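Q: Below is the file model19.txt, with compact mmCIF, C-alpha atoms.
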# COMPACT_ATOMS: atom_id res chain seq x y z
CA MET N 640 127.19 51.97 138.90
CA SER N 641 129.26 54.39 136.82
CA VAL N 642 129.40 58.18 136.84
CA PRO N 643 127.40 59.60 133.89
CA GLU N 644 129.68 61.18 131.30
CA LYS N 645 127.89 64.52 131.44
CA LEU N 646 128.29 64.76 135.22
CA ALA N 647 131.93 63.64 135.04
CA ALA N 648 132.59 66.41 132.52
CA LYS N 649 130.92 69.03 134.75
CA LEU N 650 132.96 67.90 137.74
CA ALA N 651 136.20 67.94 135.73
CA LYS N 652 135.66 71.56 134.68
CA GLY N 653 135.77 72.52 138.35
CA GLY N 654 138.79 70.39 139.19
CA VAL N 655 137.03 67.33 140.66
CA VAL N 656 138.39 64.14 139.13
CA THR N 657 136.47 60.87 139.09
CA ASP N 658 137.58 57.40 138.06
CA GLY N 659 134.19 56.61 136.57
CA VAL N 660 132.96 54.60 139.57
CA TRP N 661 129.94 55.93 141.47
CA ARG N 662 130.94 55.74 145.11
CA LYS N 663 128.36 56.26 147.83
CA GLY N 664 128.61 57.64 151.33
CA ALA N 665 126.27 57.01 154.24
CA LYS N 666 123.88 59.55 152.66
CA PRO N 667 123.54 60.97 149.14
CA ASN N 668 126.24 63.51 148.30
CA VAL N 669 123.92 66.34 147.28
CA ALA N 670 125.60 69.46 145.88
CA LEU N 671 124.34 72.98 145.11
CA TRP N 672 125.22 74.24 141.61
CA VAL N 673 124.98 77.62 139.89
CA THR N 674 124.82 78.03 136.12
CA GLU N 675 126.18 80.63 133.73
CA ASP N 676 122.60 81.80 133.11
CA HIS N 677 121.92 82.48 136.82
CA ARG N 678 120.07 79.35 137.92
CA LEU N 679 120.58 77.32 141.08
CA TYR N 680 119.95 73.58 141.16
CA GLU N 681 120.72 70.54 143.29
CA GLU N 682 122.36 67.43 141.89
CA GLU N 683 123.91 64.43 143.58
CA ILE N 684 127.59 63.78 142.92
CA PRO N 685 129.74 60.73 143.75
CA TYR N 686 131.41 60.30 147.11
CA PRO N 687 134.86 61.89 146.61
CA ILE N 688 138.16 60.13 146.05
CA CYS N 689 140.74 60.63 148.80
CA GLY N 690 144.16 61.50 147.36
CA PRO N 691 147.37 60.84 149.33
CA ASP N 692 147.56 64.45 150.58
CA ASP N 693 143.82 64.91 151.03
CA CYS N 694 141.09 64.16 153.52
CA ILE N 695 137.41 63.42 153.02
CA VAL N 696 135.33 65.79 155.12
CA HIS N 697 131.68 65.43 156.05
CA VAL N 698 130.66 69.08 155.75
CA ARG N 699 128.56 69.81 158.83
CA ALA N 700 128.11 73.59 158.41
CA THR N 701 128.47 76.00 155.51
CA GLY N 702 127.72 79.71 155.43
CA ILE N 703 126.32 81.50 152.41
CA CYS N 704 128.61 84.37 151.40
CA GLY N 705 127.68 87.49 149.49
CA SER N 706 129.99 86.26 146.73
CA GLU N 707 127.68 83.31 146.15
CA ILE N 708 124.78 85.71 145.71
CA HIS N 709 126.87 87.70 143.22
CA PHE N 710 127.72 84.57 141.22
CA TRP N 711 124.07 83.53 141.24
CA LYS N 712 122.48 86.87 140.39
CA THR N 713 125.13 88.49 138.17
CA GLY N 714 127.44 85.62 137.20
CA ARG N 715 130.59 87.45 138.19
CA ILE N 716 132.65 89.39 140.69
CA GLY N 717 134.97 91.77 138.87
CA ASP N 718 136.79 89.77 136.20
CA CYS N 719 135.92 86.44 137.83
CA LYS N 720 133.02 84.96 135.84
CA VAL N 721 130.90 81.82 136.01
CA THR N 722 131.52 80.09 132.66
CA HIS N 723 130.36 76.56 133.52
CA ASP N 724 128.08 74.86 136.02
CA LEU N 725 129.78 75.42 139.37
CA ILE N 726 129.37 73.93 142.85
CA LEU N 727 129.28 76.86 145.28
CA GLY N 728 130.53 77.16 148.87
CA HIS N 729 133.66 78.12 150.77
CA GLU N 730 132.65 78.88 154.40
CA SER N 731 132.68 75.37 155.83
CA ALA N 732 133.51 73.17 158.79
CA GLY N 733 133.05 69.46 159.31
CA GLU N 734 134.34 66.08 160.46
CA ILE N 735 137.13 64.09 158.83
CA LEU N 736 135.97 60.70 157.54
CA GLU N 737 139.12 59.57 155.70
CA VAL N 738 142.77 60.63 155.57
CA GLY N 739 145.25 60.22 152.74
CA SER N 740 148.38 58.09 153.06
CA ASN N 741 150.69 61.12 153.39
CA VAL N 742 148.59 63.04 155.93
CA LYS N 743 150.11 63.62 159.37
CA ASN N 744 148.41 66.74 160.78
CA VAL N 745 144.89 65.34 161.26
CA VAL N 746 143.21 61.98 161.85
CA LYS N 747 139.83 60.44 161.21
CA GLY N 748 137.22 61.95 163.52
CA ASP N 749 138.93 65.33 163.87
CA ARG N 750 136.65 68.35 163.73
CA VAL N 751 138.02 70.93 161.30
CA SER N 752 137.43 74.31 159.70
CA ILE N 753 138.21 74.36 155.99
CA GLU N 754 140.51 77.03 154.57
CA PRO N 755 139.23 77.19 150.98
CA GLY N 756 142.16 78.67 149.06
CA VAL N 757 144.66 76.05 147.82
CA ALA N 758 147.82 77.82 146.66
CA CYS N 759 150.69 76.45 144.56
CA TRP N 760 153.50 77.24 147.05
CA GLU N 761 155.93 77.64 144.16
CA CYS N 762 155.31 81.17 142.81
CA LYS N 763 156.90 84.38 144.10
CA GLN N 764 153.77 85.40 146.03
CA CYS N 765 153.53 82.04 147.81
CA VAL N 766 157.20 81.76 148.78
CA SER N 767 157.12 85.35 150.08
CA GLY N 768 154.19 84.47 152.35
CA ARG N 769 151.42 86.23 150.41
CA TYR N 770 149.77 83.02 149.25
CA ASN N 771 146.41 84.79 149.11
CA LEU N 772 147.74 86.42 145.92
CA CYS N 773 148.86 83.17 144.26
CA PRO N 774 147.91 83.58 140.58
CA THR N 775 146.99 79.89 140.25
CA VAL N 776 145.14 79.50 143.56
CA LYS N 777 142.23 77.06 143.52
CA PHE N 778 139.62 78.70 145.69
CA SER N 779 136.57 76.64 146.61
CA GLY N 780 133.37 77.79 144.96
CA THR N 781 135.07 80.51 142.91
CA PRO N 782 135.32 80.04 139.13
CA PRO N 783 136.64 77.76 137.88
CA SER N 784 136.93 75.64 141.06
CA HIS N 785 134.08 73.68 142.62
CA GLY N 786 133.23 74.48 146.23
CA THR N 787 132.16 72.93 149.51
CA MET N 788 128.35 73.04 149.24
CA SER N 789 127.97 69.28 149.21
CA ARG N 790 127.67 66.71 151.96
CA TYR N 791 131.14 65.24 151.38
CA VAL N 792 134.24 66.95 149.94
CA ALA N 793 137.89 66.06 149.38
CA HIS N 794 140.28 68.81 150.48
CA PRO N 795 144.07 69.03 150.98
CA ALA N 796 144.93 68.28 154.61
CA ARG N 797 147.28 71.27 154.70
CA TYR N 798 144.21 73.52 154.64
CA LEU N 799 142.22 71.71 157.32
CA HIS N 800 142.46 73.33 160.75
CA LYS N 801 141.38 71.50 163.87
CA ILE N 802 138.76 73.22 166.00
CA PRO N 803 138.32 72.56 169.74
CA ASP N 804 135.52 70.41 171.08
CA THR N 805 134.06 73.52 172.72
CA MET N 806 133.46 75.06 169.28
CA THR N 807 130.37 74.15 167.27
CA PHE N 808 130.54 73.37 163.57
CA ALA N 809 128.46 76.51 162.96
CA GLN N 810 131.15 78.55 164.71
CA GLY N 811 133.81 76.69 162.76
CA ALA N 812 132.14 77.83 159.53
CA LEU N 813 132.42 81.44 160.75
CA ILE N 814 136.22 81.23 160.72
CA GLU N 815 136.29 82.03 157.00
CA PRO N 816 134.32 85.32 157.07
CA LEU N 817 136.05 86.29 160.29
CA SER N 818 139.35 85.63 158.51
CA VAL N 819 138.36 88.06 155.76
CA ALA N 820 137.82 90.65 158.47
CA ALA N 821 141.01 89.73 160.32
CA GLY N 822 142.98 90.05 157.09
CA ALA N 823 141.51 93.49 156.44
CA VAL N 824 142.20 94.69 159.98
CA SER N 825 145.79 93.47 159.80
CA ARG N 826 146.22 95.49 156.57
CA ALA N 827 144.98 98.67 158.29
CA SER N 828 146.75 98.03 161.62
CA PRO N 829 144.48 100.09 163.90
CA LYS N 830 146.09 101.38 167.09
CA LEU N 831 144.72 101.30 170.61
CA GLY N 832 141.98 103.91 170.91
CA GLN N 833 142.00 104.82 167.22
CA PRO N 834 138.58 105.96 165.92
CA VAL N 835 137.21 103.66 163.22
CA LEU N 836 134.29 103.76 160.79
CA VAL N 837 132.73 100.59 159.38
CA CYS N 838 130.51 101.07 156.33
CA GLY N 839 128.03 98.22 156.05
CA ALA N 840 126.54 96.05 158.79
CA GLY N 841 126.40 92.83 156.82
CA PRO N 842 128.41 89.74 157.84
CA ILE N 843 131.79 91.13 156.74
CA GLY N 844 131.14 94.61 158.11
CA LEU N 845 130.13 93.27 161.52
CA ALA N 846 133.05 90.83 161.47
CA ALA N 847 135.40 93.73 160.66
CA ALA N 848 133.96 95.69 163.58
CA LEU N 849 134.51 92.73 165.91
CA CYS N 850 138.12 92.33 164.78
CA ALA N 851 138.84 96.06 164.92
CA ARG N 852 137.44 96.22 168.45
CA ALA N 853 139.59 93.24 169.47
CA ALA N 854 142.61 95.10 168.04
CA GLY N 855 141.86 98.08 170.28
CA ALA N 856 140.02 100.48 167.96
CA HIS N 857 137.65 102.87 169.77
CA PRO N 858 135.16 104.31 169.18
CA ILE N 859 133.69 102.35 166.28
CA CYS N 860 130.80 103.75 164.23
CA ILE N 861 128.83 101.41 161.94
CA THR N 862 126.62 102.61 159.09
CA ASP N 863 124.02 100.82 156.98
CA LEU N 864 120.86 101.42 154.98
CA GLU N 865 118.90 98.80 156.95
CA GLU N 866 117.77 99.41 160.51
CA SER N 867 117.58 95.65 161.21
CA ARG N 868 121.29 95.25 160.51
CA LEU N 869 122.16 98.12 162.80
CA GLU N 870 120.05 96.45 165.50
CA GLN N 871 122.25 93.38 165.07
CA ALA N 872 125.30 95.61 165.50
CA GLN N 873 123.80 96.91 168.75
CA LEU N 874 123.34 93.32 169.97
CA LEU N 875 127.06 92.80 169.36
CA GLY N 876 127.84 95.78 171.60
CA PHE N 877 128.34 98.57 169.05
CA LYS N 878 126.44 101.60 170.30
CA LEU N 879 127.42 104.13 167.61
CA THR N 880 125.30 103.32 164.57
CA LEU N 881 123.95 105.48 161.76
CA LYS N 882 121.14 104.62 159.36
CA VAL N 883 122.09 106.13 156.03
CA GLU N 884 119.32 107.51 153.84
CA LEU N 885 119.50 107.06 150.06
CA ALA N 886 118.70 110.75 149.60
CA TRP N 887 121.92 111.79 151.34
CA ASP N 888 124.94 112.66 149.23
CA ARG N 889 128.55 112.00 150.26
CA PHE N 890 128.76 115.33 152.10
CA GLU N 891 125.60 114.77 154.13
CA THR N 892 126.60 111.22 155.03
CA SER N 893 130.17 112.10 156.00
CA ASN N 894 129.04 115.10 158.05
CA ARG N 895 126.54 113.00 159.97
CA ILE N 896 129.20 110.37 160.66
CA ARG N 897 131.57 113.03 162.01
CA ASP N 898 128.81 114.62 164.09
CA LEU N 899 127.94 111.25 165.62
CA MET N 900 131.54 110.38 166.44
CA GLY N 901 132.43 113.84 167.74
CA ALA N 902 134.98 116.47 166.80
CA ASP N 903 137.75 114.72 168.76
CA CYS N 904 136.99 111.30 167.23
CA VAL N 905 136.95 111.85 163.48
CA PRO N 906 137.53 108.36 162.02
CA GLU N 907 141.14 107.72 161.08
CA ILE N 908 140.39 104.38 159.42
CA ALA N 909 137.28 103.36 157.49
CA PHE N 910 136.53 99.75 156.60
CA GLU N 911 134.29 99.97 153.54
CA CYS N 912 132.36 96.70 153.43
CA THR N 913 129.53 97.39 150.97
CA GLY N 914 131.27 97.88 147.64
CA ALA N 915 128.74 100.61 146.77
CA GLN N 916 130.17 103.67 145.05
CA SER N 917 128.20 106.09 147.21
CA SER N 918 129.44 104.41 150.39
CA ILE N 919 133.05 104.45 149.24
CA ALA N 920 132.84 108.16 148.44
CA SER N 921 131.23 108.89 151.81
CA ALA N 922 133.98 106.97 153.62
CA ILE N 923 136.63 108.99 151.77
CA TYR N 924 135.03 112.25 152.93
CA ALA N 925 134.36 110.97 156.47
CA VAL N 926 137.93 110.04 157.41
CA VAL N 927 140.38 112.57 158.81
CA ASP N 928 142.89 114.22 156.48
CA GLY N 929 145.66 111.67 155.98
CA GLY N 930 143.27 108.86 156.95
CA THR N 931 142.88 105.45 155.37
CA VAL N 932 139.96 103.73 153.66
CA LEU N 933 140.34 99.95 153.63
CA GLN N 934 138.23 98.56 150.79
CA VAL N 935 136.77 95.15 151.62
CA GLY N 936 133.33 95.05 149.97
CA CYS N 937 132.71 93.70 146.47
CA GLY N 938 130.91 95.99 144.06
CA LYS N 939 130.75 96.77 140.37
CA PRO N 940 133.82 95.97 138.24
CA GLU N 941 134.49 99.71 137.72
CA ILE N 942 133.75 102.47 140.24
CA GLU N 943 134.38 106.24 140.13
CA LEU N 944 136.34 107.78 142.99
CA PRO N 945 136.82 111.46 144.01
CA ILE N 946 140.54 111.29 143.30
CA MET N 947 141.27 114.99 143.57
CA ALA N 948 139.50 115.28 146.93
CA MET N 949 141.60 112.34 148.09
CA SER N 950 144.79 113.88 146.77
CA PHE N 951 144.22 117.27 148.39
CA ARG N 952 143.71 115.53 151.77
CA GLU N 953 146.17 112.64 151.34
CA VAL N 954 143.48 110.05 151.95
CA ASN N 955 144.84 106.58 151.32
CA ILE N 956 142.92 103.64 149.88
CA ILE N 957 144.15 100.15 150.70
CA THR N 958 142.57 97.00 149.32
CA SER N 959 142.39 93.65 151.07
CA PHE N 960 142.02 90.27 149.35
CA ARG N 961 140.94 87.27 151.39
CA TYR N 962 143.54 86.31 154.03
CA LYS N 963 146.77 84.54 154.86
CA GLN N 964 147.75 82.58 157.98
CA THR N 965 144.58 83.62 159.83
CA TRP N 966 142.94 80.32 160.74
CA PRO N 967 144.87 79.42 163.94
CA THR N 968 144.57 83.00 165.22
CA VAL N 969 140.86 83.39 164.48
CA ILE N 970 140.05 79.96 165.92
CA ARG N 971 141.80 81.00 169.14
CA LEU N 972 140.13 84.41 169.27
CA LEU N 973 136.67 82.99 168.61
CA ASN N 974 137.00 80.11 171.07
CA ASP N 975 138.27 82.39 173.85
CA ALA N 976 135.48 84.94 173.21
CA VAL N 977 137.98 87.70 172.39
CA LEU N 978 135.68 88.53 169.46
CA GLY N 979 132.65 88.64 171.74
CA GLU N 980 129.50 86.76 170.81
CA ALA N 981 130.44 86.41 167.16
CA ASP N 982 127.98 83.57 166.60
CA LYS N 983 125.23 86.19 166.82
CA LEU N 984 126.19 86.89 163.22
CA ILE N 985 124.24 83.72 162.39
CA THR N 986 120.59 84.67 162.03
CA HIS N 987 119.22 81.71 160.05
CA SER N 988 120.09 78.01 159.79
CA PHE N 989 118.69 75.43 157.37
CA PRO N 990 119.24 71.69 156.92
CA LEU N 991 121.04 70.63 153.76
CA GLU N 992 117.74 69.36 152.39
CA LYS N 993 116.41 72.94 152.38
CA ILE N 994 119.41 74.59 150.79
CA MET N 995 117.27 76.34 148.17
CA ASP N 996 115.21 77.93 150.95
CA ALA N 997 118.45 79.13 152.54
CA PHE N 998 119.47 80.96 149.37
CA GLN N 999 116.03 82.48 148.98
CA THR N 1000 116.24 83.78 152.55
CA CYS N 1001 119.48 85.58 151.69
CA VAL N 1002 117.78 87.60 148.95
CA THR N 1003 114.47 88.21 150.75
CA LYS N 1004 114.65 91.63 152.39
CA GLU N 1005 111.85 90.81 154.83
CA ALA N 1006 113.89 87.92 156.25
CA LYS N 1007 116.39 90.41 157.72
CA SER N 1008 119.22 87.89 157.47
CA ILE N 1009 122.86 88.50 158.31
CA LYS N 1010 124.60 85.14 158.03
CA VAL N 1011 122.62 82.18 156.72
CA GLN N 1012 124.11 78.73 157.28
CA ILE N 1013 123.37 75.23 155.98
CA LEU N 1014 123.78 72.43 158.51
CA ASP N 1015 124.00 68.64 158.16
CA ASP N 1016 123.93 65.92 160.80
Written as structure tokens, how would this file's structure read?

A:
Amino acid sequence: MSVPEKLAAKLAKGGVVTDGVWRKGAKPNVALWVTEDHRLYEEEIPYPICGPDDCIVHVRATGICGSEIHFWKTGRIGDCKVTHDLILGHESAGEILEVGSNVKNVVKGDRVSIEPGVACWECKQCVSGRYNLCPTVKFSGTPPSHGTMSRYVAHPARYLHKIPDTMTFAQGALIEPLSVAAGAVSRASPKLGQPVLVCGAGPIGLAAALCARAAGAHPICITDLEESRLEQAQLLGFKLTLKVELAWDRFETSNRIRDLMGADCVPEIAFECTGAQSSIASAIYAVVDGGTVLQVGCGKPEIELPIMAMSFREVNIITSFRYKQTWPTVIRLLNDAVLGEADKLITHSFPLEKIMDAFQTCVTKEAKSIKVQILDD
């Protein structure tokens, strides 16, 4: 059986090359696609070809990221736009089924977490160690590159990190969002006992709080609009939480944050994990003079900031983009419980056959989801 020309063309647009032969795995290689006009659909694709530097991975767990919801509902994040049918997914772990002829770091049967960003390792950013800023990076599930939301994927072995037998595949799929948080925390460099604010109790906000706590930050205050998310923060051991009301302006919100944390614990660092303009402004006003706001959340392409208020108080804004060299560290921290019970971030799990239900759960407010994962046996 041959690969239909239309499917081959769709795969090629996202960097997946076929030789025209329809290869089959033990089960159908079902993939989840998003279109330019905001539709999701499932379609089977061929079993992947294993290049000399690649491995074939049976994807056993994949988390749904907020970026996937953005690509589905709005078709973009900033200047990154969906312009062709795209296979989503980048928070994945699985089992190696095949290894390429040049591969030395892993073997068939290894359990791995997938680092989704494949850099060139030739540009100035890569050779200086900041490969997260590689201008030609191929990042799974981000336009134009196809992602990991299929049963079987081919991925460069260099970006496959072995996980211990004591770690579940679901935990292995948490390494990616925890790496986003670890990258942000490393950019802010909190000190032992430094007061920290986290705006947003979604997956990245809670992950940032876990990483900041592991780095020694204390106390940590977490804010959100949803009481259910703050309850999840409480389950993770964060006692200082504030439910923000939409009627509050930046002054009301920042004052309530400072009142909750106390006069001697005005936040010196804020991790802004919502991307909402109102939240960013509140964080700027909440931090101490000379403090730092670390922007992690994705929001609208253009956002207004109170620049003069920042200037008069020397409030710094630092941005953080993905991660670099985080996988071995985060695997170790998660496996040794340094990050606490991080798997409590996972609130819903669905089999691959119910992937559409998983996405619907993410956008259903009543579901009260934090991290939704798709699992496959």

Q: What is the distance between CA of Val669 (chain N) and CA of Ser988 (chain N), in Å to one decimal?

A: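 Straight-line distance from CA of Val669 (chain N) to CA of Ser988 (chain N) works out to 17.5 Å.
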
Q: If you measure from CA of Val757 (chain N) to CA of Ser1008 (chain N), what distance in Å do you get, rounded to one decimal?

A: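 Here the two named atoms are 29.7 Å from each other.
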
Q: Please provide as a list in words all residues within 10 Å of Leu881 (chain N), with the sequence filter that same-chain residues fewer than 3 positions apart are discarded (counting all atoms listed in the file).

A: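 Surrounding residues, per the criterion: Cys838, Cys860, Ile861, Thr862, Asp863, Leu864, Glu865, Glu866, Leu869, Lys878, Glu884, Thr892, Arg895, Ile896 and Leu899 of chain N.
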
Q: Give as a list in words the set of residues within 9 Å of the point (129.6, 84.4, 152.6), where distances use the file's coordinates and only C-alpha atoms.

A: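 The residues that fall inside the cut-off are Thr701, Gly702, Ile703, Cys704, Gly705, Ser706, Glu707, Ile708, Gly728, His729, Glu730, Glu815, Pro816, Pro842, Ile843, Lys1010 and Val1011 of chain N.
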
Q: Would you mind listing what lies within 10 Å of region 943-950 of chain N as JSON, numbers by chain, with only C-alpha atoms counted and same-chain residues fewer than 2 positions away left out?

A: {"N": [916, 917, 919, 920, 921, 923, 924, 928, 929, 930, 941, 952, 953, 954, 955, 956]}

Q: Considering all atoms listed in the file, state which residue in the set N:Pro829, N:Gly839, N:Gly811, N:Pro990 is at the smallest distance from Ile753 (chain N).

A: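 Between N:Pro829, N:Gly839, N:Gly811, N:Pro990, the residue approaching Ile753 (chain N) most closely is N:Gly811.
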
Q: CA of Gly938 (chain N) and CA of Asp982 (chain N) are how many Å apart?

A: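 For CA of Gly938 (chain N) relative to CA of Asp982 (chain N), the distance reads 25.9 Å.
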
Q: Got a sec: who's within 9 Å of Pro803 (chain N), counting only C-alpha atoms, leaving out chain neighbours fewer than 3 positions off, as a list of chain:residue names?

A: N:Arg750, N:Val751, N:Met806, N:Thr807, N:Ile970, N:Asn974

Q: Check the smallest atom-to-atom distance from each of N:Gln833, N:Ser828, N:Thr931, N:Ser731 to Cys904 (chain N) using all atoms listed in the file, then report the winner.

A: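 Among the listed residues, the smallest separation from Cys904 (chain N) belongs to N:Gln833.
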
Q: Of the candidates N:Gly914, N:Pro795, N:Gly659, N:Gly876, which one gets nearest to Asn744 (chain N) if we count all atoms listed in the file?

A: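 Checking each of N:Gly914, N:Pro795, N:Gly659, N:Gly876 against Asn744 (chain N), counting all atoms listed in the file, the winner is N:Pro795.
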
Q: Out of N:Leu849, N:Thr781, N:Val642, N:Gly748, which residue has the shortest atom-to-atom distance to Leu972 (chain N) when counting all atoms listed in the file?

A: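 Of N:Leu849, N:Thr781, N:Val642, N:Gly748, the one nearest Leu972 (chain N) is N:Leu849, counting all atoms listed in the file.
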
Q: Excluding same-chain residues fewer than 6 positions from Lys663 (chain N), what lies within 10 Å of it counting all atoms listed in the file, as a VMD selection string?

A: chain N and resid 640 684 to 687

Q: Within 12 Å of (139.9, 76.3, 142.5), in the coordinates the file gives, what residues turn up when you count all atoms listed in the file, written out as a count of residues only?

A: 34

Q: Can you work out which one of N:Ile994, N:Ala851, N:Ala732, N:Val738 has the shortest atom-to-atom distance to Glu682 (chain N), counting only C-alpha atoms?

A: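 Closest candidate: N:Ile994.
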
Q: Of the candidates N:Gln964, N:Val927, N:Arg897, N:Val883, which shows the shortest atom-to-atom distance to Arg797 (chain N), using all atoms listed in the file?

A: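 Residue with the minimum atom-to-atom distance to Arg797 (chain N): N:Gln964.
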
Q: So which residues touch Ala793 (chain N) within 10 Å, counting only C-alpha atoms, skipping near sequence neighbours fewer than 5 positions away, as a PyMOL selection string?

A: chain N and resi 655+686-690+692-697+735-739+787

Q: Missing atoms in region 960-967 of chain N: can you complete it with all heavy atoms, as a tab-separated table (two decimals), in the coordinates of the input?

A:
chain	number	residue	atom	x	y	z
N	960	PHE	N	142.51	91.43	150.10
N	960	PHE	CA	142.02	90.27	149.35
N	960	PHE	C	142.15	89.01	150.19
N	960	PHE	O	143.25	88.55	150.48
N	960	PHE	CB	142.79	90.13	148.04
N	960	PHE	CG	142.23	89.07	147.13
N	960	PHE	CD1	140.93	89.14	146.66
N	960	PHE	CD2	143.01	88.00	146.74
N	960	PHE	CE1	140.42	88.16	145.81
N	960	PHE	CE2	142.52	87.02	145.89
N	960	PHE	CZ	141.22	87.11	145.43
N	961	ARG	N	141.01	88.51	150.62
N	961	ARG	CA	140.94	87.27	151.39
N	961	ARG	C	141.82	87.34	152.64
N	961	ARG	O	141.64	88.22	153.47
N	961	ARG	CB	141.28	86.08	150.49
N	961	ARG	CG	140.24	85.87	149.39
N	961	ARG	CD	140.63	84.78	148.42
N	961	ARG	NE	139.61	84.65	147.37
N	961	ARG	CZ	139.83	84.08	146.20
N	961	ARG	NH1	141.03	83.58	145.91
N	961	ARG	NH2	138.85	84.00	145.31
N	962	TYR	N	142.83	86.45	152.76
N	962	TYR	CA	143.54	86.31	154.03
N	962	TYR	C	144.76	85.42	153.84
N	962	TYR	O	144.92	84.72	152.83
N	962	TYR	CB	142.63	85.67	155.08
N	962	TYR	CG	141.64	84.70	154.44
N	962	TYR	CD1	142.06	83.51	153.85
N	962	TYR	CD2	140.29	85.00	154.38
N	962	TYR	CE1	141.18	82.65	153.23
N	962	TYR	CE2	139.39	84.15	153.75
N	962	TYR	CZ	139.84	82.97	153.18
N	962	TYR	OH	138.96	82.13	152.54
N	963	LYS	N	145.62	85.45	154.84
N	963	LYS	CA	146.77	84.54	154.86
N	963	LYS	C	147.14	84.27	156.31
N	963	LYS	O	147.18	85.16	157.14
N	963	LYS	CB	147.97	85.12	154.10
N	963	LYS	CG	148.45	86.48	154.58
N	963	LYS	CD	149.57	86.99	153.71
N	963	LYS	CE	150.16	88.29	154.24
N	963	LYS	NZ	149.18	89.40	154.20
N	964	GLN	N	147.34	83.01	156.64
N	964	GLN	CA	147.75	82.58	157.98
N	964	GLN	C	146.82	83.08	159.09
N	964	GLN	O	147.29	83.45	160.17
N	964	GLN	CB	149.20	83.04	158.27
N	964	GLN	CG	150.23	82.61	157.24
N	964	GLN	CD	150.50	81.11	157.24
N	964	GLN	OE1	149.92	80.36	158.01
N	964	GLN	NE2	151.38	80.66	156.36
N	965	THR	N	145.53	83.10	158.83
N	965	THR	CA	144.58	83.62	159.83
N	965	THR	C	143.88	82.54	160.63
N	965	THR	O	143.39	82.82	161.72
N	965	THR	CB	143.51	84.49	159.15
N	965	THR	OG1	142.89	83.71	158.11
N	965	THR	CG2	144.10	85.75	158.55
N	966	TRP	N	143.80	81.33	160.10
N	966	TRP	CA	142.94	80.32	160.74
N	966	TRP	C	143.30	80.03	162.20
N	966	TRP	O	142.42	80.10	163.07
N	966	TRP	CB	142.93	79.04	159.91
N	966	TRP	CG	141.62	78.83	159.20
N	966	TRP	CD1	140.64	77.93	159.52
N	966	TRP	CD2	141.13	79.55	158.06
N	966	TRP	NE1	139.58	78.04	158.66
N	966	TRP	CE2	139.84	79.03	157.76
N	966	TRP	CE3	141.63	80.59	157.30
N	966	TRP	CZ2	139.08	79.50	156.70
N	966	TRP	CZ3	140.88	81.06	156.23
N	966	TRP	CH2	139.62	80.52	155.96
N	967	PRO	N	144.57	79.72	162.53
N	967	PRO	CA	144.87	79.42	163.94
N	967	PRO	C	144.54	80.60	164.86
N	967	PRO	O	144.00	80.40	165.96
N	967	PRO	CB	146.37	79.13	163.92
N	967	PRO	CG	146.65	78.67	162.52
N	967	PRO	CD	145.75	79.49	161.66
